[in-house]
Amino acid sequence: MARLTHTIYPLATGFHGPIRPEPNKELVSKYGYEHFTAYKNSPDNSDETLHEIAQEIRRDIIRALVEAKSGHSGGPLGSADIFATLYFGGVMRYDAKNPWSPDRDRFVLSAGHMCPVLYATLANAGFFPKAELLTLRKFNSRLQGHPGRDMGLPGIESSTGSLGQGLGIAVGMALSDKRVDKNDRRVYALTGDGEISEGEIWEAALIAAHWDLDNLTVIVDRNNCQIDGRTEDVMKLNPVGDKFRAFNFHVIECNGNNISELRAAFKEAQSIKGRPTCIVAETFMGHGVSFMEDDYRWHGKPPTSEQAEQALSELVG
Amino acid sequence: MARLTHTIYPLATGFHGPIRPEPNKELVSKYGYEHFTAYKNSPDNSDETLHEIAQEIRRDIIRALVEAKSGHSGGPLGSADIFATLYFGGVMRYDAKNPWSPDRDRFVLSAGHMCPVLYATLANAGFFPKAELLTLRKFNSRLQGHPGRDMGLPGIESSTGSLGQGLGIAVGMALSDKRVDKNDRRVYALTGDGEISEGEIWEAALIAAHWDLDNLTVIVDRNNCQIDGRTEDVMKLNPVGDKFRAFNFHVIECNGNNISELRAAFKEAQSIKGRPTCIVAETFMGHGVSFMEDDYRWHGKPPTSEQAEQALSELVG
Amino acid sequence: MAVAEVLNRSISQTLSTNGSAPRFEMNGKKATRFGFGEGLVVLGEKYDNVVVLGGDITGSVMTSYFKDKFPERFFSMGITEATATLVASGLALSGMIPFFATYGAFASCRNTDMIRISLAYNDANVKIGGGHAGISVGEDGATHQALEEMAIIRVMPNMTLVVPCDFLEAKKATIAIGEHYGPCYIRFGRSDVPSFTREDTPFEIGKAQTFKDGNDVAIIACGPMVWEALVAAYELEAEGVSARVINMATIKPIDRLAIVRAAGECKAIVTAEEHQVTAGLGGAVSEVLAQELPTPIEFVGVKDTFGGSGKPDELMKYFGLTSADIKSAVQKVLKRKQ
Amino acid sequence: MAVAEVLNRSISQTLSTNGSAPRFEMNGKKATRFGFGEGLVVLGEKYDNVVVLGGDITGSVMTSYFKDKFPERFFSMGITEATATLVASGLALSGMIPFFATYGAFASCRNTDMIRISLAYNDANVKIGGGHAGISVGEDGATHQALEEMAIIRVMPNMTLVVPCDFLEAKKATIAIGEHYGPCYIRFGRSDVPSFTREDTPFEIGKAQTFKDGNDVAIIACGPMVWEALVAAYELEAEGVSARVINMATIKPIDRLAIVRAAGECKAIVTAEEHQVTAGLGGAVSEVLAQELPTPIEFVGVKDTFGGSGKPDELMKYFGLTSADIKSAVQKVLKRKQ
Ligand SMILES: Cc1ncc(C[n+]2csc(CCOP(=O)(O)OP(=O)(O)O)c2C)c(N)n1
Ligand SMILES: Cc1ncc(C[n+]2csc(CCOP(=O)(O)OP(=O)(O)O)c2C)c(N)n1
Ligand SMILES: [Mg+2]
Ligand SMILES: [Mg+2]
């Protein structure tokens with residue numbers, strides 16, 4: 001029996017071809033983007049190193065957003081520690097220079113609106129030049145307002161942006177790995193907390209548990225904020241952990257702004273057999289920028305240039 | 001400020017007007033349908049009386065299905081005790097002669113395919129002549145294969161048939177009663193157990209709990225069967241009670257084929273304040289008919305005429 | 001068909017009462033979503049059984065106005081578009097007039113089965129508001145740019161679908177669907193677009209309005225493309241082409257008579273919509289004319305592709321949705337005219 | 001447009017290679033769903049990366065064949081149509097060729113947003129099977145009678161939509177979409193319908209097939225309505241009307257050339273579909289001809305209402321979906337022909 005294969009990476013049929021926007025040259029050199037060397041992904045990176053990388057991710061988010069003049073600040077900043085740990089703490093296996101390598105672990109950003117943090121992470125890992133971050137949300141950029149697989153950006157496994165869909169896709173990937181290909185790849189998916197009010201999250205949870213997908217780790221960015229307010233005011237979600245437990249997940253609750261707790265959580269997730277894991281990562285929206293911290297009004301706004309300067313001055317070390 | 005009102009009951013714009021199919025006259029008299037007097041709905045009805053009514057409902061289901069030559073046997077038979085208790089044990093308030101009375105309690109059959117039991121119940125309560133049961137699934141019958149509000153059948157509060165939708169509708173009704181009209185009406189909804197794998201069930205559960213809808217009682221017909229097999233083989237649902245608890249419901253687990261347990265459960269549900277109740281009613285699919293009992297292959301089949309005779313002979317007293 | 005007979009009688013009469021009406025002028029810019037928001041407040045003031053469900057983007061689709069004014073009749077549903085639609089159905093079956101609004105991509109796609117069965121088949125008196133229509137959404141990109149709703153809603157029996165052309169019409173249309181029995185969908189946009197209709201410009205569900213008379217070609221448009229059509233028509237007038245502009249604010253039920261009259265009198269049609277050219281307004285007009293009076297039509301719209309990030313203007317230009325594109329389509333259809 | 005030019009060159013040539021082909025004869029009856037089921041098995045035997053997702057109705061949509069044969073490549077999803085579609089997307093992005101089938105009402109409506117973003121926008125190689133097409137479902141009634149899918153799928157960029165006419169074509173079409181890259185939707189029915197195509201009848205995605213030649217009128221049909229069209233055409237032939245019958249088995253991308261040729265040569269069109277007349281096949285054909293060659297069309301289909309319970313035959317008759325209805329439509333369109 002044969003395998004019918006098609007080239008699916010990179011797609012790059014993007015909405016109108018290969019003429020990409022140019023990053024602003026002055027800013028590229030101001031931020032030192034042309035001399036940037038990618039960070040290494042290693043379990044040997046210390047917590048301090050990962051924290052530094054998280055801060056650099058945060059700075060890159062601010063820089064991209066202030067240039068874009070639209071986009072989401074709060075969730076991306078709040079979850080930067082999760083991304084730093086995943087991509088630079090030796091948790092995920094990938095090769096930025098061979099981004100579609102068939103034995104890579106995969107990450108799906110179910111909360112598509114949080115893409116600035118993913119783009120910044122990928123750039124810091126060397127998937128594409130950092131300067132490209134400055135084209136975020138511009139006409140024909142590979143950095144779409146919500147991830148578009150049609151743009152062929154290395155590291156973007158799926159288009160997302162309609163909440164509640166990415167987790168189901170990740171479940172399909174994990175099913176493929178564990179039950180069809182029977183390999184040892186792992187799949188990670190991140191959802192917002194507001195996002196888990198979408199029923200597809202619970203359908204996906206049922207399916208993941210039914211098929212014992214222990215190669216799947218779901219991270220819920222529990223920042224208690226969504227667009228219209230605090231999550232418990234907009235739609236009560238507590239107790240989040242109990243919900244996933246009742247859906248037969250192994251649940252780990254941790255401080256999602258604490259690198260060492262996150263490391264331990266991912267390690268534990270990798271050791272669990274027979275059921276998927278959900279990490280309920282308690283974060284603060286806008287973490288690291290004083291005037292954004294824990295304020296839902298920063299869900300979907302970019303900083304002004306003054307605010308960006310202030311933010312960058314806070315996001316040191 | 002005014003209320004803008006429209007006549008919404010009965011709709012009866014049915015798919016092609018008022019010419020209804022005629023029930024088979026011979027069968028009408030064979031079953032004594034022309035001389036039938038409706039059962040009373042009263043808390044004074046004994047468990048035995050309710051059991052007898054449940055058996056009569058079961059017989060009516062068999063009669064309707066064998067005439068229709070298509071339709072669902074298993075779920076309807078298994079849940080007849082729930083319906084007998086709800087409609088004849090003084091649990092629900094309604095007036096069969098004034099079926100759209102504005103202070104009635106309402107029942108929504110989220111598992112639309114189980115309509116034979118609802119039709120049989122309504123006929124036994126006097127909402128419409130029993131003879132009409134024999135028009136089930138016939139061209140232009142008010143007894144559609146899945147409930148159609150457009151047919152204007154008294155007692156049918158909403159069209160259903162696409163699984164997972166009825167509960168959300170019931171939540172909307174309960175929200176209207178408790179939060180807008182601020183009356184003391186109650187809303188009941190029944191879902192299949194396979195049905196709760198639909199994500200809309202969990203969205204509806206979140207919303208019902210968020211808005212403290214203690215006037216809502218959800219009954220899950222936990223018969224462990226769905227079309228393709230046992231629920232835990234098709235899509236693992238256990239622990240059902242824990243799921244609803246984690247979604248902030250008051251949960252009652254009971255034997256759904258035991259009238260006195262059901263009575264107690266409904267009573268308890270009415271006493272709960274501040275949160276909706278879910279009754280996980282453990283039933284057997286096809287209960288009361290030996291060769292159908294607990295067999296998922298009876299989900300969607302009608303009995304042959306021989307099987308119907310056998311079934312009717314078992315369904316006594 | 002009856003319509004064709006009506007046409008035969010009226011075909012050479014000029015129908016237009018607007019013929020001598022003053023030109024529409026741009027009177028600032030304002031997104032249609034604000035009209036929706038204001039219309040809801042008017043309804044809320046008039047009727048105590050109007051209620052609104054929030055989908056965690058109340059500030060984007062302007063249900064926030066109603067929420068602020070009538071907090072006790074506003075209910076947050078979180079991010080549950082499918083079930084919010086069902087809850088709306090339950091409220092409607094209880095005598096309420098519920099509005100549920102979110103982005104059009106989710107207001108028509110996340111809940112399509114619910115619209116089909118619990119609204120349309122149920123004939124429930126629910127009003128769905130779909131915001132962020134079309135690519136003029138801008139930077140958010142393809143996922144958030146609703147381009148398919150007109151096809152999806154139009155194919156459902158019992159549904160009414162309105163697409164207002166500017167702020168003021170959006171307000172009128174919102175009030176009109178609130179007072180009309182039955183499941184309705186209203187489509188509105190995020191970005192500021194020209195305001196040009198006046199208080200006395202009529203709006204009636206199911207009735208097209210001729211916004212400019214003309215007999216060489218009829219441009220049938222909806223939503224903010226109506227303004228683009230007017231600009232194109234005024235420019236064409238200067239170039240000696242007499243273009244009629246019809247505001248087809250109701251897509252379902254569509255005004256067959258206005259379409260047939262336009263075809264009979266102008267013999268060439270251009271449709272313009274911020275939507276896929278497949279199965280939307282162009283499709284609806286084509287269906288009517290194929291049955292009544294076959295006529296050359298050119299379609300202005302998005303040509304079966306997804307949108308993308310960019311500034312609204314950039315995108316409108318790239319995807320061919322400007323008055324210049326309408327003019328080219330007119331030139332093309334005039335060549336095909338017999 | 002290029003198509004129109006092609007037409008100008010070919011307009012008076014008779015295109016048909018089928019002109020002298022033998023008549024199609026009925027060869028028993030079998031539901032198209034069985035063709036889907038058998039096609040899946042063929043694919044499963046040929047390719048080890050074909051996988052199937054079950055939606056708790058495997059015995060109705062005949063994915064049970066595959067399940068029995070390849071249990072290790074069959075995955076039950078329970079009753080979760082929306083997420084099953086997403087899981088399929090994830091499988092496709094992993095190099096699998098996943099099929100997910102359920103009733104068409106749910107295969108196109110419960111997961112519309114997922115089809116839009118995770119299949120179409122993602123260009124994921126997923127195949128959706130929609131069973132229980134149309135009112136020939138019978139007793140289950142309106143909720144289960146899918147009449148809207150063609151509009152919903154057709155408006156999505158990147159989608160391929162095929163509607164096979166009988167058992168054998170359903171099998172061929174299933175294999176064809178399995179071997180074709182990209183998101184596809186196949187529509188098939190529950191009830192037995194005439195089998196009439198032969199092993200050597202060509203099936204190609206995107207290509208219409210002329211099943212009977214004729215030059216007075218062209219009947220463009222899809223699904224089991226093709227047989228009804230043939231019956232009508234043979235009867236009309238006896239009555240002196242030469243009717244062409246075109247099997248439009250691919251609704252998207254639609255074969256524009258076949259439509260334009262038919263219009264150019266016959267000058268009158270009837271479309272026939274077991275679907276709403278709104279935005280479906282009739283809509284697609286109208287759109288093409290409005291742009292290329294305006295031509296009178298009559299639509300046979302469900303006229304913007306929901307179905308209901310009854311025997312399939314009773315319903316087909318009541319809703320106007322028989323060969324007799326096609327004949328009346330032909331008579332009507334012939335009168336409109338110029
Ligand atoms: C299906 C869908 N509905 C609504 C939206 C609009 N939306 C984007 S983000 C968001 C709030 C998400 O909240 P959460 O998941 O907590 O993310 P956070 O605000 O913490 O970043 C909403 C409603 C969407 N993108 N998709
Ligand atoms: C949205 C939707 N998907 C699929 C179906 C087809 N279907 C009808 S009943 C059923 C099984 C339901 O199982 P359960 O809720 O346990 O009911 P039971 O078999 O016990 O009667 C399915 C899949 C449907 N009616 N609606
Ligand atoms: Mg959040
Ligand atoms: Mg069950």
# chains A, B, ... in the order shown; residues from 1 in each chain; ligands from 1
$ select_by_dssp --residues "range 47-77 of chain D" --states "helix (DSSP H, G or I)" --output "PyMOL selection string"
chain D and resi 64-69+71-73
$ residues_near_ligand --ligand "ligand 4" --cutoff "7 Å" --atoms "only C-alpha atoms and all ligand atoms" --output "VMD selection string"
chain B and resid 75 192 to 194 221 to 226
$ write_last_selection --atoms "all heavy atoms" --output "mmCIF file, in the first residue's frame"
data_model
loop_
_atom_site.group_PDB
_atom_site.id
_atom_site.type_symbol
_atom_site.label_atom_id
_atom_site.label_comp_id
_atom_site.auth_asym_id
_atom_site.auth_seq_id
_atom_site.Cartn_x
_atom_site.Cartn_y
_atom_site.Cartn_z
ATOM 1 N N GLY B 75 -34.708 4.914 22.715
ATOM 2 C CA GLY B 75 -34.695 6.043 23.640
ATOM 3 C C GLY B 75 -36.086 6.347 24.184
ATOM 4 O O GLY B 75 -36.248 6.516 25.399
ATOM 5 N N GLY B 192 -30.292 13.382 25.225
ATOM 6 C CA GLY B 192 -29.721 12.045 25.233
ATOM 7 C C GLY B 192 -28.339 12.102 25.851
ATOM 8 O O GLY B 192 -27.783 13.182 26.062
ATOM 9 N N ASP B 193 -27.754 10.951 26.153
ATOM 10 C CA ASP B 193 -26.395 10.999 26.689
ATOM 11 C C ASP B 193 -25.376 11.146 25.558
ATOM 12 O O ASP B 193 -24.462 11.971 25.635
ATOM 13 C CB ASP B 193 -26.077 9.814 27.612
ATOM 14 C CG ASP B 193 -26.392 8.450 27.035
ATOM 15 O OD1 ASP B 193 -26.952 8.354 25.922
ATOM 16 O OD2 ASP B 193 -26.074 7.449 27.708
ATOM 17 N N GLY B 194 -25.566 10.412 24.464
ATOM 18 C CA GLY B 194 -24.692 10.640 23.316
ATOM 19 C C GLY B 194 -24.710 12.119 22.927
ATOM 20 O O GLY B 194 -23.679 12.698 22.567
ATOM 21 N N ASP B 221 -30.715 11.595 29.692
ATOM 22 C CA ASP B 221 -31.164 10.199 29.594
ATOM 23 C C ASP B 221 -29.916 9.314 29.454
ATOM 24 O O ASP B 221 -29.452 9.050 28.352
ATOM 25 C CB ASP B 221 -32.081 10.048 28.378
ATOM 26 C CG ASP B 221 -32.530 8.610 28.191
ATOM 27 O OD1 ASP B 221 -32.856 7.952 29.191
ATOM 28 O OD2 ASP B 221 -32.546 8.143 27.034
ATOM 29 N N ARG B 222 -29.399 8.876 30.588
ATOM 30 C CA ARG B 222 -28.112 8.163 30.598
ATOM 31 C C ARG B 222 -28.354 6.673 30.359
ATOM 32 O O ARG B 222 -28.384 5.857 31.298
ATOM 33 C CB ARG B 222 -27.438 8.385 31.949
ATOM 34 C CG ARG B 222 -26.039 7.748 32.071
ATOM 35 C CD ARG B 222 -25.063 8.434 31.148
ATOM 36 N NE ARG B 222 -23.693 7.985 31.288
ATOM 37 C CZ ARG B 222 -22.959 7.537 30.264
ATOM 38 N NH1 ARG B 222 -23.481 7.444 29.052
ATOM 39 N NH2 ARG B 222 -21.709 7.199 30.452
ATOM 40 N N ASN B 223 -28.525 6.326 29.073
ATOM 41 C CA ASN B 223 -28.793 4.915 28.754
ATOM 42 C C ASN B 223 -27.559 4.208 28.199
ATOM 43 O O ASN B 223 -27.641 3.043 27.809
ATOM 44 C CB ASN B 223 -29.990 4.794 27.781
ATOM 45 C CG ASN B 223 -29.722 5.481 26.451
ATOM 46 O OD1 ASN B 223 -28.607 5.898 26.158
ATOM 47 N ND2 ASN B 223 -30.770 5.606 25.645
ATOM 48 N N ASN B 224 -26.452 4.927 28.179
ATOM 49 C CA ASN B 224 -25.179 4.328 27.724
ATOM 50 C C ASN B 224 -25.187 3.827 26.289
ATOM 51 O O ASN B 224 -24.296 3.064 25.904
ATOM 52 C CB ASN B 224 -24.750 3.185 28.659
ATOM 53 C CG ASN B 224 -24.294 3.712 29.999
ATOM 54 O OD1 ASN B 224 -23.193 4.245 30.117
ATOM 55 N ND2 ASN B 224 -25.148 3.638 31.018
ATOM 56 N N CYS B 225 -26.186 4.231 25.532
ATOM 57 C CA CYS B 225 -26.275 3.782 24.141
ATOM 58 C C CYS B 225 -26.388 4.989 23.214
ATOM 59 O O CYS B 225 -27.024 5.985 23.554
ATOM 60 C CB CYS B 225 -27.526 2.929 23.925
ATOM 61 S SG CYS B 225 -27.456 1.343 24.755
ATOM 62 N N GLN B 226 -25.798 4.860 22.064
ATOM 63 C CA GLN B 226 -26.066 5.794 20.978
ATOM 64 C C GLN B 226 -26.048 4.991 19.683
ATOM 65 O O GLN B 226 -26.073 3.746 19.742
ATOM 66 C CB GLN B 226 -25.101 6.983 21.015
ATOM 67 C CG GLN B 226 -23.632 6.655 20.937
ATOM 68 C CD GLN B 226 -22.770 7.883 21.248
ATOM 69 O OE1 GLN B 226 -22.101 7.932 22.269
ATOM 70 N NE2 GLN B 226 -22.774 8.859 20.358
#
$ residues_near_ligand --ligand "ligand 2" --cutoff "7 Å" --atoms "only C-alpha atoms and all ligand atoms" --output "PyMOL selection string"
(chain B and resi 74-75+111+113-114+161-164+191-196+221+223-227+285+296+299) or (chain D and resi 55-57+79+81+106+110)
$ interface_residues --of "chain D" --to "chain B" --cutoff "9 Å" --atoms "only C-alpha atoms" --output "VMD selection string"
chain D and resid 54 to 59 76 to 83 105 to 106 138 to 144 305 to 311 314 to 315
$ interface_residues --of "chain D" --to "chain C" --cutoff "8 Å" --atoms "only C-alpha atoms" --output "ChimeraX atom specification"
/D:105-106,109-114,116-117,121,143,148,151-152,154-158,276,278-280,282-284,286-287,290-299,304-306
$ write_last_selection --atoms "C-alpha atoms" --output "PDB file, in the first residue's frame"
ATOM      1  CA  ALA D 105     -27.403  19.257   7.239  1.00  0.00           C
ATOM      2  CA  PHE D 106     -24.774  18.860   9.940  1.00  0.00           C
ATOM      3  CA  CYS D 109     -24.069  23.729   8.858  1.00  0.00           C
ATOM      4  CA  ARG D 110     -22.804  22.515  12.205  1.00  0.00           C
ATOM      5  CA  ASN D 111     -19.225  23.195  11.178  1.00  0.00           C
ATOM      6  CA  THR D 112     -19.493  26.081   8.721  1.00  0.00           C
ATOM      7  CA  ASP D 113     -16.967  28.234  10.517  1.00  0.00           C
ATOM      8  CA  MET D 114     -14.607  25.260  10.687  1.00  0.00           C
ATOM      9  CA  ARG D 116     -14.352  28.267   6.277  1.00  0.00           C
ATOM     10  CA  ILE D 117     -11.232  28.727   8.360  1.00  0.00           C
ATOM     11  CA  TYR D 121      -8.570  29.149   4.432  1.00  0.00           C
ATOM     12  CA  THR D 143     -34.292  18.942  10.177  1.00  0.00           C
ATOM     13  CA  GLU D 148     -28.735  24.306   1.716  1.00  0.00           C
ATOM     14  CA  ALA D 151     -24.904  27.442  -1.382  1.00  0.00           C
ATOM     15  CA  ILE D 152     -22.896  27.177   1.796  1.00  0.00           C
ATOM     16  CA  ARG D 154     -20.026  27.026  -2.998  1.00  0.00           C
ATOM     17  CA  VAL D 155     -19.413  30.437  -1.447  1.00  0.00           C
ATOM     18  CA  MET D 156     -16.211  29.288   0.287  1.00  0.00           C
ATOM     19  CA  PRO D 157     -12.987  29.959  -1.617  1.00  0.00           C
ATOM     20  CA  ASN D 158     -10.770  26.897  -2.191  1.00  0.00           C
ATOM     21  CA  GLN D 276     -33.161  25.118  -2.588  1.00  0.00           C
ATOM     22  CA  THR D 278     -31.764  29.821  -4.110  1.00  0.00           C
ATOM     23  CA  ALA D 279     -27.983  30.067  -4.548  1.00  0.00           C
ATOM     24  CA  GLY D 280     -27.452  26.450  -5.584  1.00  0.00           C
ATOM     25  CA  GLY D 282     -29.520  27.226 -10.603  1.00  0.00           C
ATOM     26  CA  GLY D 283     -27.754  30.142  -8.990  1.00  0.00           C
ATOM     27  CA  ALA D 284     -24.343  29.024 -10.215  1.00  0.00           C
ATOM     28  CA  SER D 286     -27.354  31.952 -13.668  1.00  0.00           C
ATOM     29  CA  GLU D 287     -24.188  33.666 -12.513  1.00  0.00           C
ATOM     30  CA  ALA D 290     -25.381  36.577 -16.677  1.00  0.00           C
ATOM     31  CA  GLN D 291     -21.691  37.241 -17.222  1.00  0.00           C
ATOM     32  CA  GLU D 292     -21.232  35.351 -20.456  1.00  0.00           C
ATOM     33  CA  LEU D 293     -24.437  34.905 -22.368  1.00  0.00           C
ATOM     34  CA  PRO D 294     -27.760  35.889 -20.831  1.00  0.00           C
ATOM     35  CA  THR D 295     -30.224  33.082 -21.473  1.00  0.00           C
ATOM     36  CA  PRO D 296     -33.693  32.177 -20.183  1.00  0.00           C
ATOM     37  CA  ILE D 297     -33.494  29.652 -17.341  1.00  0.00           C
ATOM     38  CA  GLU D 298     -36.177  27.814 -15.420  1.00  0.00           C
ATOM     39  CA  PHE D 299     -35.301  26.353 -12.034  1.00  0.00           C
ATOM     40  CA  ASP D 304     -37.377  28.326  -0.507  1.00  0.00           C
ATOM     41  CA  THR D 305     -39.241  26.199   2.005  1.00  0.00           C
ATOM     42  CA  PHE D 306     -38.303  23.475   4.453  1.00  0.00           C
TER      43      PHE D 306
END
